[in-house]
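Next comes target-v2.txt, with compact mmCIF, C-alpha atoms and all ligand atoms.
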```
# COMPACT_ATOMS: atom_id res chain seq x y z
CA MET A 1 -23.69 -11.65 -28.86
CA HIS A 2 -21.56 -9.43 -26.62
CA SER A 3 -19.35 -9.95 -23.58
CA THR A 4 -19.69 -8.15 -20.27
CA ILE A 5 -17.90 -8.15 -16.92
CA LEU A 6 -19.90 -10.25 -14.44
CA GLY A 7 -17.49 -9.98 -11.51
CA THR A 8 -14.03 -8.85 -10.43
CA GLY A 9 -11.54 -10.11 -7.85
CA SER A 10 -7.98 -9.60 -6.69
CA TYR A 11 -5.29 -10.77 -4.34
CA LEU A 12 -2.32 -8.91 -2.86
CA PRO A 13 0.29 -10.65 -0.68
CA GLU A 14 0.39 -9.55 2.96
CA LYS A 15 4.05 -8.55 3.04
CA ILE A 16 4.77 -4.92 2.12
CA LEU A 17 8.17 -3.52 1.17
CA THR A 18 8.33 0.28 1.45
CA ASN A 19 10.78 2.66 -0.20
CA LYS A 20 12.23 3.25 3.28
CA ASP A 21 12.84 -0.51 3.58
CA LEU A 22 14.67 -0.43 0.23
CA GLU A 23 16.92 2.41 1.47
CA GLN A 24 18.32 -0.09 3.98
CA PHE A 25 19.87 -2.39 1.37
CA ILE A 26 20.28 -0.54 -1.95
CA ASP A 27 21.62 2.87 -2.92
CA THR A 28 18.30 4.66 -3.37
CA THR A 29 15.99 7.09 -1.61
CA ASP A 30 12.27 7.33 -1.02
CA GLU A 31 12.49 10.79 -2.61
CA TRP A 32 14.06 9.46 -5.87
CA ILE A 33 11.55 6.62 -6.24
CA THR A 34 8.55 8.80 -5.39
CA THR A 35 9.40 11.69 -7.70
CA ARG A 36 10.42 9.50 -10.67
CA THR A 37 7.68 6.86 -10.41
CA GLY A 38 5.03 7.71 -7.77
CA ILE A 39 5.71 4.37 -6.06
CA LYS A 40 5.78 4.32 -2.23
CA GLN A 41 5.54 0.58 -1.56
CA ARG A 42 5.00 -2.80 -3.22
CA HIS A 43 3.65 -6.20 -2.08
CA VAL A 44 5.95 -9.22 -1.97
CA ALA A 45 4.66 -12.80 -2.17
CA ALA A 46 5.49 -15.34 0.54
CA ASP A 47 8.36 -17.71 -0.33
CA THR A 48 5.91 -20.61 -0.32
CA ASP A 49 3.57 -18.98 -2.87
CA THR A 50 3.54 -19.61 -6.62
CA THR A 51 2.16 -17.32 -9.33
CA ALA A 52 -0.70 -19.81 -9.70
CA ASP A 53 -1.51 -19.46 -5.98
CA LEU A 54 -1.94 -15.70 -6.35
CA ALA A 55 -4.03 -16.19 -9.50
CA THR A 56 -6.23 -18.82 -7.86
CA ARG A 57 -7.06 -16.53 -4.93
CA ALA A 58 -7.96 -13.66 -7.28
CA CYS A 59 -10.13 -16.00 -9.42
CA ARG A 60 -12.02 -17.32 -6.38
CA ASN A 61 -12.65 -13.74 -5.32
CA ALA A 62 -13.94 -12.87 -8.83
CA MET A 63 -16.18 -15.97 -9.07
CA GLU A 64 -17.64 -15.08 -5.68
CA SER A 65 -18.39 -11.51 -6.79
CA ALA A 66 -20.04 -12.85 -9.98
CA GLY A 67 -22.06 -15.35 -7.92
CA LEU A 68 -20.75 -18.25 -10.01
CA THR A 69 -19.62 -21.76 -9.13
CA PRO A 70 -16.68 -23.63 -10.77
CA ASP A 71 -18.96 -25.80 -12.93
CA GLN A 72 -20.22 -22.68 -14.74
CA ILE A 73 -16.81 -21.58 -16.05
CA ASP A 74 -15.96 -22.47 -19.70
CA MET A 75 -12.37 -21.23 -20.01
CA VAL A 76 -9.45 -19.80 -18.03
CA ILE A 77 -7.00 -17.35 -19.59
CA VAL A 78 -3.96 -16.45 -17.50
CA ALA A 79 -1.89 -13.39 -18.43
CA THR A 80 1.55 -13.52 -16.85
CA ALA A 81 5.21 -12.72 -17.51
CA THR A 82 6.24 -14.80 -14.51
CA SER A 83 4.83 -18.25 -15.17
CA ASP A 84 5.74 -20.87 -12.54
CA ASP A 85 6.97 -23.29 -15.22
CA ALA A 86 8.50 -22.88 -18.67
CA PHE A 87 5.78 -25.41 -19.45
CA PRO A 88 3.03 -26.29 -18.90
CA SER A 89 0.99 -23.13 -18.44
CA THR A 90 0.17 -21.44 -15.15
CA ALA A 91 -3.43 -21.71 -16.38
CA SER A 92 -3.31 -25.51 -16.06
CA ARG A 93 -2.33 -25.15 -12.39
CA VAL A 94 -5.09 -22.58 -11.84
CA GLN A 95 -7.71 -24.74 -13.58
CA HIS A 96 -6.87 -27.64 -11.26
CA ALA A 97 -6.64 -25.52 -8.09
CA LEU A 98 -10.06 -24.01 -8.77
CA GLY A 99 -11.58 -27.46 -9.25
CA LEU A 100 -12.81 -26.64 -12.75
CA ARG A 101 -14.04 -29.16 -15.28
CA ASN A 102 -12.03 -30.32 -18.31
CA ILE A 103 -12.16 -26.84 -19.85
CA VAL A 104 -9.77 -24.86 -22.07
CA ALA A 105 -7.02 -23.17 -20.05
CA PHE A 106 -3.97 -21.37 -21.45
CA ASP A 107 -1.49 -18.57 -20.77
CA VAL A 108 -1.02 -15.33 -22.68
CA SER A 109 2.43 -13.74 -22.81
CA ALA A 110 2.28 -9.99 -23.42
CA ALA A 111 4.15 -8.56 -20.42
CA CYS A 112 2.40 -5.54 -18.91
CA ALA A 113 -0.23 -5.57 -21.68
CA GLY A 114 -1.06 -9.21 -20.94
CA PHE A 115 -4.42 -8.51 -19.32
CA ASN A 116 -5.60 -6.44 -22.30
CA HIS A 117 -4.57 -9.30 -24.59
CA GLY A 118 -6.37 -11.90 -22.44
CA LEU A 119 -9.51 -9.77 -22.28
CA SER A 120 -9.51 -9.27 -26.05
CA ILE A 121 -9.15 -13.04 -26.68
CA ALA A 122 -11.93 -13.81 -24.18
CA ASP A 123 -14.19 -11.24 -25.85
CA GLN A 124 -13.67 -12.90 -29.28
CA TYR A 125 -14.44 -16.39 -27.90
CA ILE A 126 -17.66 -15.14 -26.30
CA LYS A 127 -18.75 -13.19 -29.38
CA THR A 128 -18.34 -16.29 -31.58
CA GLY A 129 -20.33 -18.40 -29.13
CA PHE A 130 -17.40 -20.75 -28.39
CA ALA A 131 -17.65 -19.98 -24.67
CA LYS A 132 -20.22 -18.35 -22.39
CA ILE A 133 -18.19 -17.60 -19.25
CA ILE A 134 -14.43 -17.00 -19.16
CA ILE A 135 -12.12 -16.03 -16.32
CA VAL A 136 -9.26 -13.73 -17.32
CA VAL A 137 -6.62 -13.32 -14.64
CA GLY A 138 -3.44 -11.23 -14.64
CA CYS A 139 -0.92 -12.50 -12.09
CA GLU A 140 2.72 -11.75 -11.39
CA MET A 141 5.64 -12.54 -9.10
CA LEU A 142 7.90 -9.82 -10.46
CA THR A 143 9.89 -9.55 -7.24
CA ARG A 144 11.33 -12.98 -8.18
CA VAL A 145 12.68 -11.84 -11.57
CA VAL A 146 14.38 -8.58 -10.65
CA ASP A 147 18.01 -8.28 -9.63
CA TRP A 148 17.85 -6.88 -6.09
CA ALA A 149 21.29 -5.33 -6.64
CA ASP A 150 20.02 -3.32 -9.67
CA ARG A 151 18.40 -0.19 -8.27
CA SER A 152 17.17 0.93 -11.70
CA THR A 153 14.69 -1.98 -11.91
CA CYS A 154 14.13 -3.60 -8.51
CA VAL A 155 12.39 -0.55 -7.01
CA LEU A 156 9.71 -0.62 -9.70
CA PHE A 157 7.93 -3.96 -9.40
CA GLY A 158 5.53 -5.79 -7.09
CA ASP A 159 3.52 -9.03 -6.81
CA GLY A 160 -0.24 -9.55 -7.07
CA ALA A 161 -3.16 -10.86 -9.11
CA GLY A 162 -6.42 -9.49 -10.45
CA ALA A 163 -9.24 -11.29 -12.27
CA VAL A 164 -12.46 -10.63 -14.13
CA VAL A 165 -15.26 -13.01 -15.02
CA LEU A 166 -16.45 -12.23 -18.52
CA GLY A 167 -19.85 -13.53 -19.60
CA ALA A 168 -22.10 -13.58 -22.67
CA SER A 169 -24.67 -10.80 -22.75
CA ASP A 170 -27.31 -9.27 -25.02
CA THR A 171 -26.07 -5.78 -24.20
CA PRO A 172 -22.49 -4.71 -24.97
CA GLY A 173 -20.03 -4.59 -22.05
CA VAL A 174 -16.71 -4.82 -23.89
CA LEU A 175 -17.26 -2.26 -26.66
CA SER A 176 -13.93 -2.68 -28.43
CA THR A 177 -10.40 -3.95 -27.88
CA HIS A 178 -7.21 -2.81 -29.63
CA LEU A 179 -3.84 -4.60 -29.57
CA HIS A 180 -0.42 -3.74 -31.05
CA CYS A 181 3.15 -5.05 -31.12
CA ASP A 182 6.43 -3.53 -32.30
CA GLY A 183 8.92 -6.38 -32.11
CA SER A 184 11.77 -4.17 -33.38
CA GLN A 185 11.95 -2.70 -29.84
CA HIS A 186 12.12 -6.10 -28.10
CA GLY A 187 15.58 -5.36 -26.70
CA ILE A 188 14.64 -2.34 -24.58
CA LEU A 189 12.57 -4.34 -22.07
CA TYR A 190 12.90 -8.08 -21.52
CA ALA A 191 13.82 -10.90 -19.15
CA PRO A 192 15.67 -13.73 -20.95
CA ASN A 193 15.02 -17.40 -20.40
CA THR A 194 18.65 -18.33 -19.72
CA LEU A 195 18.01 -22.07 -20.07
CA VAL A 196 17.07 -21.51 -23.69
CA GLN A 197 19.27 -18.53 -24.60
CA LYS A 198 22.76 -19.84 -23.90
CA ASN A 199 24.40 -16.43 -24.45
CA ALA A 200 22.15 -14.46 -22.08
CA ASP A 201 24.01 -13.27 -18.99
CA SER A 202 21.22 -13.35 -16.38
CA PRO A 203 17.51 -14.09 -16.18
CA PHE A 204 16.65 -10.75 -14.58
CA VAL A 205 14.56 -7.88 -16.00
CA LYS A 206 16.54 -5.57 -18.27
CA MET A 207 15.12 -2.19 -19.17
CA GLU A 208 16.20 0.97 -20.92
CA GLY A 209 13.86 3.05 -18.76
CA ARG A 210 14.02 6.34 -20.69
CA GLU A 211 13.39 4.68 -24.06
CA VAL A 212 10.50 2.63 -22.66
CA PHE A 213 9.03 5.79 -21.15
CA ARG A 214 9.26 7.65 -24.47
CA HIS A 215 7.61 4.85 -26.46
CA ALA A 216 4.91 4.37 -23.79
CA VAL A 217 3.73 7.98 -23.86
CA THR A 218 3.66 8.12 -27.69
CA ARG A 219 1.99 4.76 -28.27
CA LEU A 220 -0.56 5.11 -25.48
CA GLY A 221 -1.49 8.56 -26.77
CA GLU A 222 -2.16 7.09 -30.24
CA LEU A 223 -4.09 4.23 -28.68
CA VAL A 224 -6.47 6.56 -26.85
CA ASP A 225 -7.29 8.30 -30.15
CA GLU A 226 -7.74 4.95 -31.94
CA THR A 227 -10.07 3.62 -29.24
CA LEU A 228 -12.26 6.73 -29.13
CA ALA A 229 -12.47 6.91 -32.95
CA ALA A 230 -13.46 3.24 -33.23
CA ASN A 231 -16.44 3.93 -30.97
CA ASN A 232 -17.37 7.39 -32.33
CA LEU A 233 -16.79 8.86 -28.90
CA THR A 234 -14.99 11.92 -27.58
CA LYS A 235 -12.72 12.37 -24.56
CA ASN A 236 -15.60 13.77 -22.51
CA ASP A 237 -17.57 10.52 -22.79
CA ILE A 238 -15.06 8.52 -20.70
CA ASP A 239 -16.01 8.20 -17.02
CA TRP A 240 -12.87 6.40 -15.79
CA LEU A 241 -9.36 5.73 -17.00
CA ILE A 242 -7.78 2.55 -15.63
CA PRO A 243 -4.22 2.54 -16.95
CA HIS A 244 -1.45 0.02 -16.47
CA GLN A 245 0.39 1.15 -13.35
CA ALA A 246 4.06 1.54 -14.30
CA ASN A 247 4.79 5.15 -13.54
CA ILE A 248 2.62 8.04 -12.27
CA ARG A 249 4.18 10.36 -14.84
CA ILE A 250 3.00 8.15 -17.74
CA ILE A 251 -0.45 7.95 -16.10
CA GLN A 252 -0.60 11.75 -15.71
CA ALA A 253 0.38 12.19 -19.36
CA MET A 254 -2.55 9.99 -20.41
CA ALA A 255 -4.97 11.87 -18.14
CA LYS A 256 -3.78 15.11 -19.75
CA LYS A 257 -4.26 13.62 -23.21
CA LEU A 258 -7.88 12.83 -22.25
CA ASP A 259 -8.39 16.26 -20.55
CA MET A 260 -9.31 14.21 -17.50
CA SER A 261 -8.79 15.27 -13.89
CA MET A 262 -6.71 12.81 -11.87
CA ASP A 263 -9.70 11.96 -9.65
CA LYS A 264 -11.21 10.21 -12.69
CA VAL A 265 -8.12 8.01 -12.99
CA ILE A 266 -7.73 4.88 -10.86
CA VAL A 267 -4.22 4.98 -9.39
CA THR A 268 -2.66 2.11 -7.45
CA VAL A 269 1.00 2.51 -8.45
CA ASP A 270 1.77 4.28 -5.15
CA ALA A 271 0.60 1.29 -3.08
CA GLN A 272 1.46 -1.62 -5.38
CA GLY A 273 4.29 -0.61 -7.74
CA ASN A 274 4.21 -2.15 -11.22
CA THR A 275 2.45 -5.53 -11.08
CA SER A 276 2.59 -5.92 -14.89
CA ALA A 277 -0.33 -8.02 -16.21
CA ALA A 278 -2.04 -7.85 -12.81
CA SER A 279 -2.18 -4.08 -12.49
CA ILE A 280 -5.33 -3.29 -14.51
CA PRO A 281 -7.61 -5.99 -13.06
CA LEU A 282 -6.28 -5.16 -9.57
CA ALA A 283 -7.12 -1.48 -10.05
CA LEU A 284 -10.52 -2.30 -11.57
CA ASP A 285 -11.43 -4.56 -8.65
CA ILE A 286 -10.42 -1.93 -6.09
CA ALA A 287 -12.43 0.78 -7.85
CA VAL A 288 -15.51 -1.46 -8.21
CA ARG A 289 -15.40 -2.51 -4.56
CA ASP A 290 -14.91 1.02 -3.18
CA GLY A 291 -17.84 2.23 -5.31
CA ARG A 292 -16.03 4.56 -7.68
CA VAL A 293 -16.69 2.49 -10.83
CA LYS A 294 -20.43 1.82 -11.07
CA ARG A 295 -22.60 -0.24 -13.42
CA GLY A 296 -23.12 1.72 -16.66
CA ASP A 297 -19.87 3.73 -16.41
CA LEU A 298 -17.69 3.98 -19.50
CA VAL A 299 -14.20 2.76 -18.57
CA LEU A 300 -11.02 2.89 -20.67
CA LEU A 301 -8.36 0.29 -19.87
CA GLU A 302 -4.93 0.82 -21.46
CA SER A 303 -1.55 -0.83 -21.06
CA PHE A 304 1.99 -0.89 -22.41
CA GLY A 305 4.87 -3.29 -21.88
CA GLY A 306 7.81 -5.34 -23.10
CA GLY A 307 7.55 -6.51 -26.71
CA LEU A 308 6.92 -3.73 -27.18
CA VAL A 309 3.19 -4.37 -26.86
CA TRP A 310 0.28 -2.11 -26.07
CA GLY A 311 -3.46 -2.52 -25.85
CA SER A 312 -6.75 -0.98 -24.79
CA ALA A 313 -10.33 -1.95 -24.08
CA LEU A 314 -13.35 0.31 -23.86
CA ILE A 315 -15.90 -1.11 -21.46
CA ARG A 316 -19.44 -0.23 -20.44
CA TYR A 317 -19.16 -1.66 -16.94
N1 LIG A 401 17.57 5.32 -6.88
C1 LIG A 401 18.41 6.37 -7.07
N2 LIG A 401 18.94 6.66 -8.26
C2 LIG A 401 18.62 5.86 -9.31
C3 LIG A 401 17.77 4.74 -9.16
C4 LIG A 401 17.23 4.49 -7.88
N3 LIG A 401 16.39 3.47 -7.64
N4 LIG A 401 17.65 4.14 -10.36
C5 LIG A 401 18.39 4.84 -11.23
N5 LIG A 401 18.99 5.86 -10.58
C6 LIG A 401 19.88 6.89 -11.16
C7 LIG A 401 20.57 6.42 -12.42
O1 LIG A 401 21.74 5.70 -12.12
C8 LIG A 401 20.87 7.73 -13.11
O2 LIG A 401 22.01 8.30 -12.50
P1 LIG A 401 23.10 9.10 -13.39
O3 LIG A 401 22.36 10.24 -13.97
O4 LIG A 401 24.12 9.45 -12.39
O5 LIG A 401 23.56 8.10 -14.43
C9 LIG A 401 19.68 8.63 -12.73
O6 LIG A 401 19.09 8.01 -11.56
C10 LIG A 401 18.63 8.76 -13.82
O7 LIG A 401 18.31 7.45 -14.30
P2 LIG A 401 17.26 7.25 -15.45
O8 LIG A 401 17.09 5.79 -15.74
O9 LIG A 401 17.59 8.13 -16.61
O10 LIG A 401 15.94 7.80 -14.73
P3 LIG A 401 14.53 8.14 -15.35
O11 LIG A 401 14.14 9.51 -15.02
O12 LIG A 401 14.39 7.69 -16.78
O13 LIG A 401 13.56 7.18 -14.48
C11 LIG A 401 12.35 5.09 -14.68
C12 LIG A 401 13.72 5.79 -14.55
C13 LIG A 401 11.55 5.38 -13.45
C14 LIG A 401 12.57 3.60 -14.83
C15 LIG A 401 11.58 5.64 -15.92
O14 LIG A 401 12.44 5.68 -17.03
C16 LIG A 401 10.37 4.79 -16.28
O15 LIG A 401 9.40 4.73 -15.55
N6 LIG A 401 10.35 4.20 -17.47
C17 LIG A 401 9.19 3.44 -17.96
C18 LIG A 401 8.98 2.13 -17.25
C19 LIG A 401 7.77 1.41 -17.86
O16 LIG A 401 6.80 2.01 -18.28
N7 LIG A 401 7.85 0.11 -18.03
C20 LIG A 401 6.79 -0.53 -18.83
C21 LIG A 401 6.22 -1.66 -18.29
S1 LIG A 401 7.30 -2.82 -17.52
C22 LIG A 401 6.99 -4.37 -18.27
O17 LIG A 401 6.53 -4.50 -19.37
C23 LIG A 401 7.43 -5.60 -17.46
```

Go ahead and render the structure in this file as structure tokens.
Ligand code: ACO
Amino acid sequence: MHSTILGTGSYLPEKILTNKDLEQFIDTTDEWITTRTGIKQRHVAADTDTTADLATRACRNAMESAGLTPDQIDMVIVATATSDDAFPSTASRVQHALGLRNIVAFDVSAACAGFNHGLSIADQYIKTGFAKIIIVVGCEMLTRVVDWADRSTCVLFGDGAGAVVLGASDTPGVLSTHLHCDGSQHGILYAPNTLVQKNADSPFVKMEGREVFRHAVTRLGELVDETLAANNLTKNDIDWLIPHQANIRIIQAMAKKLDMSMDKVIVTVDAQGNTSAASIPLALDIAVRDGRVKRGDLVLLESFGGGLVWGSALIRY
């Protein structure tokens, strides 16, 4: 038994905040943000929206593209670093909002690599026969957890959600998944829960950008080699790279590592900023809908985030 992607969906909030808008209230420039990160704008959720609302819209969109109804879904896995509640899970809200049966629903916490983790878990459940159809959704409200007075972090992030419907199949779709964690580097990228950690000074995102950048390029480079070796493939076999969208310079480094021209890389960081766990399924959905990624293409998904955690999936779409 294998798992394969039956459908994709996404949701981006209407409101857009450009770099020029940011220039009006923090000490930054469009030029600094663009050259350091490639970001030009990000989407910001409406005040009335929850993370679960964004996720629910992306899931509906994905179920529609898969031609499935709620009664056919066996499990919901939500990857998020910005859950609406400390407990219960955002997944329980999404399960209810989608009108699903009494099915398994839980969250996965792996920051920007959350979607890769959720996809890997879903793949295992399908391979063992525990479930036939699983929705995996990455969803984030990162604009709510950045300090808007801290120019080194607030310019980087955006809100959004992306989902895939993964289903059992005789032919392999998800060829392999690879996950890693180096907890010794926890302190270079995190957002403390200040209700639990009494000594933490603020709940906002804290990041040592340069260190994160350095680890990301090294670890993602190793991950590409690991993924290709596990499948007895070479760089030339990959049709599309869909990386986590944190920084165009990290993305370009990975394209170089794969000897891949940038038109074979799906890039959304310019239009969306870093949407953490949502960025890969958002990019996949865009590329499927605009016809770049076609059935049968070999697609490499890779991500890196706070933990530190990193993960990949090789997919025959
Ligand atoms: N506008 C203008 N100047 C700024 C801004 C800004 N928005 N932010 C920082 N600066 C200044 C700094 O104060 C510093 O000034 P100084 O030299 O006078 O002290 C200078 O710019 C350089 O700052 P650095 O932080 O060293 O800049 P760097 O080139 O490293 O770029 C960045 C920062 C974009 C954050 C980069 O390090 C990066 O992308 N890192 C990786 C991020 C990432 O991959 N995150 C992973 C996922 S996130 C997750 O898991 C939730």

message: How would you report the residues lying within 8 Å of ligand LIG 401 (chain A), as JSON, numbers by chain, if you count all atoms listed in the file?
response: {"A": [26, 27, 28, 29, 32, 33, 36, 37, 81, 111, 112, 113, 150, 151, 152, 153, 154, 155, 156, 189, 190, 205, 207, 208, 209, 210, 211, 212, 213, 214, 216, 246, 247, 249, 250, 274, 276, 304, 305, 306, 307, 308]}

Go ahead and save the residues from that selection, with C-alpha atoms, as a JSON list (two decimals), keeping the file's coordinate frame.
```
[["chain", "number", "residue", "atom", "x", "y", "z"],
["A", 26, "ILE", "CA", 20.28, -0.54, -1.95],
["A", 27, "ASP", "CA", 21.62, 2.87, -2.92],
["A", 28, "THR", "CA", 18.30, 4.66, -3.37],
["A", 29, "THR", "CA", 15.99, 7.09, -1.61],
["A", 32, "TRP", "CA", 14.06, 9.46, -5.87],
["A", 33, "ILE", "CA", 11.55, 6.62, -6.24],
["A", 36, "ARG", "CA", 10.42, 9.50, -10.67],
["A", 37, "THR", "CA", 7.68, 6.86, -10.41],
["A", 81, "ALA", "CA", 5.21, -12.72, -17.51],
["A", 111, "ALA", "CA", 4.15, -8.56, -20.42],
["A", 112, "CYS", "CA", 2.40, -5.54, -18.91],
["A", 113, "ALA", "CA", -0.23, -5.57, -21.68],
["A", 150, "ASP", "CA", 20.02, -3.32, -9.67],
["A", 151, "ARG", "CA", 18.40, -0.19, -8.27],
["A", 152, "SER", "CA", 17.17, 0.93, -11.70],
["A", 153, "THR", "CA", 14.69, -1.98, -11.91],
["A", 154, "CYS", "CA", 14.13, -3.60, -8.51],
["A", 155, "VAL", "CA", 12.39, -0.55, -7.01],
["A", 156, "LEU", "CA", 9.71, -0.62, -9.70],
["A", 189, "LEU", "CA", 12.57, -4.34, -22.07],
["A", 190, "TYR", "CA", 12.90, -8.08, -21.52],
["A", 205, "VAL", "CA", 14.56, -7.88, -16.00],
["A", 207, "MET", "CA", 15.12, -2.19, -19.17],
["A", 208, "GLU", "CA", 16.20, 0.97, -20.92],
["A", 209, "GLY", "CA", 13.86, 3.05, -18.76],
["A", 210, "ARG", "CA", 14.02, 6.34, -20.69],
["A", 211, "GLU", "CA", 13.39, 4.68, -24.06],
["A", 212, "VAL", "CA", 10.50, 2.63, -22.66],
["A", 213, "PHE", "CA", 9.03, 5.79, -21.15],
["A", 214, "ARG", "CA", 9.26, 7.65, -24.47],
["A", 216, "ALA", "CA", 4.91, 4.37, -23.79],
["A", 246, "ALA", "CA", 4.06, 1.54, -14.30],
["A", 247, "ASN", "CA", 4.79, 5.15, -13.54],
["A", 249, "ARG", "CA", 4.18, 10.36, -14.84],
["A", 250, "ILE", "CA", 3.00, 8.15, -17.74],
["A", 274, "ASN", "CA", 4.21, -2.15, -11.22],
["A", 276, "SER", "CA", 2.59, -5.92, -14.89],
["A", 304, "PHE", "CA", 1.99, -0.89, -22.41],
["A", 305, "GLY", "CA", 4.87, -3.29, -21.88],
["A", 306, "GLY", "CA", 7.81, -5.34, -23.10],
["A", 307, "GLY", "CA", 7.55, -6.51, -26.71],
["A", 308, "LEU", "CA", 6.92, -3.73, -27.18]]
```

message: Taking 4 positions as the minimum chain separation for residues in the same chain, which residues sit within 8 Å of stretch 286-295 of chain A when counting only C-alpha atoms? Answer as a list in words.
response: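 Close residues of stretch 286-295 of chain A: Thr8, Trp240, Ile266, Leu282, Arg316 and Tyr317 of chain A.
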
I need the residues from that last selection saved to file as a PDB file, in the frame of the given file (with C-alpha atoms), if you can.
```pdb
ATOM      1  CA  THR A   8     -14.030  -8.850 -10.430  1.00  0.00           C
ATOM      2  CA  TRP A 240     -12.870   6.400 -15.790  1.00  0.00           C
ATOM      3  CA  ILE A 266      -7.730   4.880 -10.860  1.00  0.00           C
ATOM      4  CA  LEU A 282      -6.280  -5.160  -9.570  1.00  0.00           C
ATOM      5  CA  ARG A 316     -19.440  -0.230 -20.440  1.00  0.00           C
ATOM      6  CA  TYR A 317     -19.160  -1.660 -16.940  1.00  0.00           C
TER       7      TYR A 317
END
```

Selection near A:Val136, 10 Å with only C-alpha atoms, sequence-local residues under 6 positions removed, as an NGL selection string: :A and (8 or 55 or 59 or 62 or 75-79 or 91 or 107-108 or 115-122 or 162-166 or 281)

Store the residues of this selection in a file with C-alpha atoms, as a tab-separated table (two decimals), keeping the file's coordinate frame.
```
chain	number	residue	atom	x	y	z
A	8	THR	CA	-14.03	-8.85	-10.43
A	55	ALA	CA	-4.03	-16.19	-9.50
A	59	CYS	CA	-10.13	-16.00	-9.42
A	62	ALA	CA	-13.94	-12.87	-8.83
A	75	MET	CA	-12.37	-21.23	-20.01
A	76	VAL	CA	-9.45	-19.80	-18.03
A	77	ILE	CA	-7.00	-17.35	-19.59
A	78	VAL	CA	-3.96	-16.45	-17.50
A	79	ALA	CA	-1.89	-13.39	-18.43
A	91	ALA	CA	-3.43	-21.71	-16.38
A	107	ASP	CA	-1.49	-18.57	-20.77
A	108	VAL	CA	-1.02	-15.33	-22.68
A	115	PHE	CA	-4.42	-8.51	-19.32
A	116	ASN	CA	-5.60	-6.44	-22.30
A	117	HIS	CA	-4.57	-9.30	-24.59
A	118	GLY	CA	-6.37	-11.90	-22.44
A	119	LEU	CA	-9.51	-9.77	-22.28
A	120	SER	CA	-9.51	-9.27	-26.05
A	121	ILE	CA	-9.15	-13.04	-26.68
A	122	ALA	CA	-11.93	-13.81	-24.18
A	162	GLY	CA	-6.42	-9.49	-10.45
A	163	ALA	CA	-9.24	-11.29	-12.27
A	164	VAL	CA	-12.46	-10.63	-14.13
A	165	VAL	CA	-15.26	-13.01	-15.02
A	166	LEU	CA	-16.45	-12.23	-18.52
A	281	PRO	CA	-7.61	-5.99	-13.06
```

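Shortest atom-to-atom contact with A:Pro70 among A:Ala277, A:Ile134, A:Val44, A:Ile39: A:Ile134, counting all atoms listed in the file.
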
query: So what do you get for atom CA of A:Ala168 versus atom CA of A:Asp74, distance-wise?
result: 11.2 Å

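Residues with any atom within 10 Å of A:Asp49, counting all atoms listed in the file and excluding same-chain neighbours fewer than 4 positions away, are Pro13, Ala45, Asp53, Leu54 and Met141 of chain A.
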
field: For A:Gly67, the nearest of the candidates A:Gly7, A:Asn231, A:Ala46, A:Asp263, counting all atoms listed in the file
entry: A:Gly7

- request: Have a look at A:Arg93, A:His215, A:Arg57, A:Arg42 and name the one nearest to A:Leu142; count only C-alpha atoms.
  value: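 Closest to A:Leu142 of all the choices is A:Arg42.
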
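If you look at atom CA of A:Thr171 and atom CA of A:Gly296, they are 11.0 Å away from each other.
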
- request: Step by step: start from the point (-15.2, 9.8, -22.3) in the file's coordinates, keep every protein, DNA or RNA residue that has an atom no farther than 10 Å from it, count all atoms listed in the file, and write the set as an NGL selection string.
  value: :A and (228 or 233-241 or 258-260 or 297-300 or 314)

Produce a file of the selected residues containing C-alpha atoms, as a compact mmCIF listing (two decimals), in the coordinates of the input.
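The file below, again-v2.txt, is the result:
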```txt
# COMPACT_ATOMS: atom_id res chain seq x y z
CA LEU A 228 -12.26 6.73 -29.13
CA LEU A 233 -16.79 8.86 -28.90
CA THR A 234 -14.99 11.92 -27.58
CA LYS A 235 -12.72 12.37 -24.56
CA ASN A 236 -15.60 13.77 -22.51
CA ASP A 237 -17.57 10.52 -22.79
CA ILE A 238 -15.06 8.52 -20.70
CA ASP A 239 -16.01 8.20 -17.02
CA TRP A 240 -12.87 6.40 -15.79
CA LEU A 241 -9.36 5.73 -17.00
CA LEU A 258 -7.88 12.83 -22.25
CA ASP A 259 -8.39 16.26 -20.55
CA MET A 260 -9.31 14.21 -17.50
CA ASP A 297 -19.87 3.73 -16.41
CA LEU A 298 -17.69 3.98 -19.50
CA VAL A 299 -14.20 2.76 -18.57
CA LEU A 300 -11.02 2.89 -20.67
CA LEU A 314 -13.35 0.31 -23.86
```
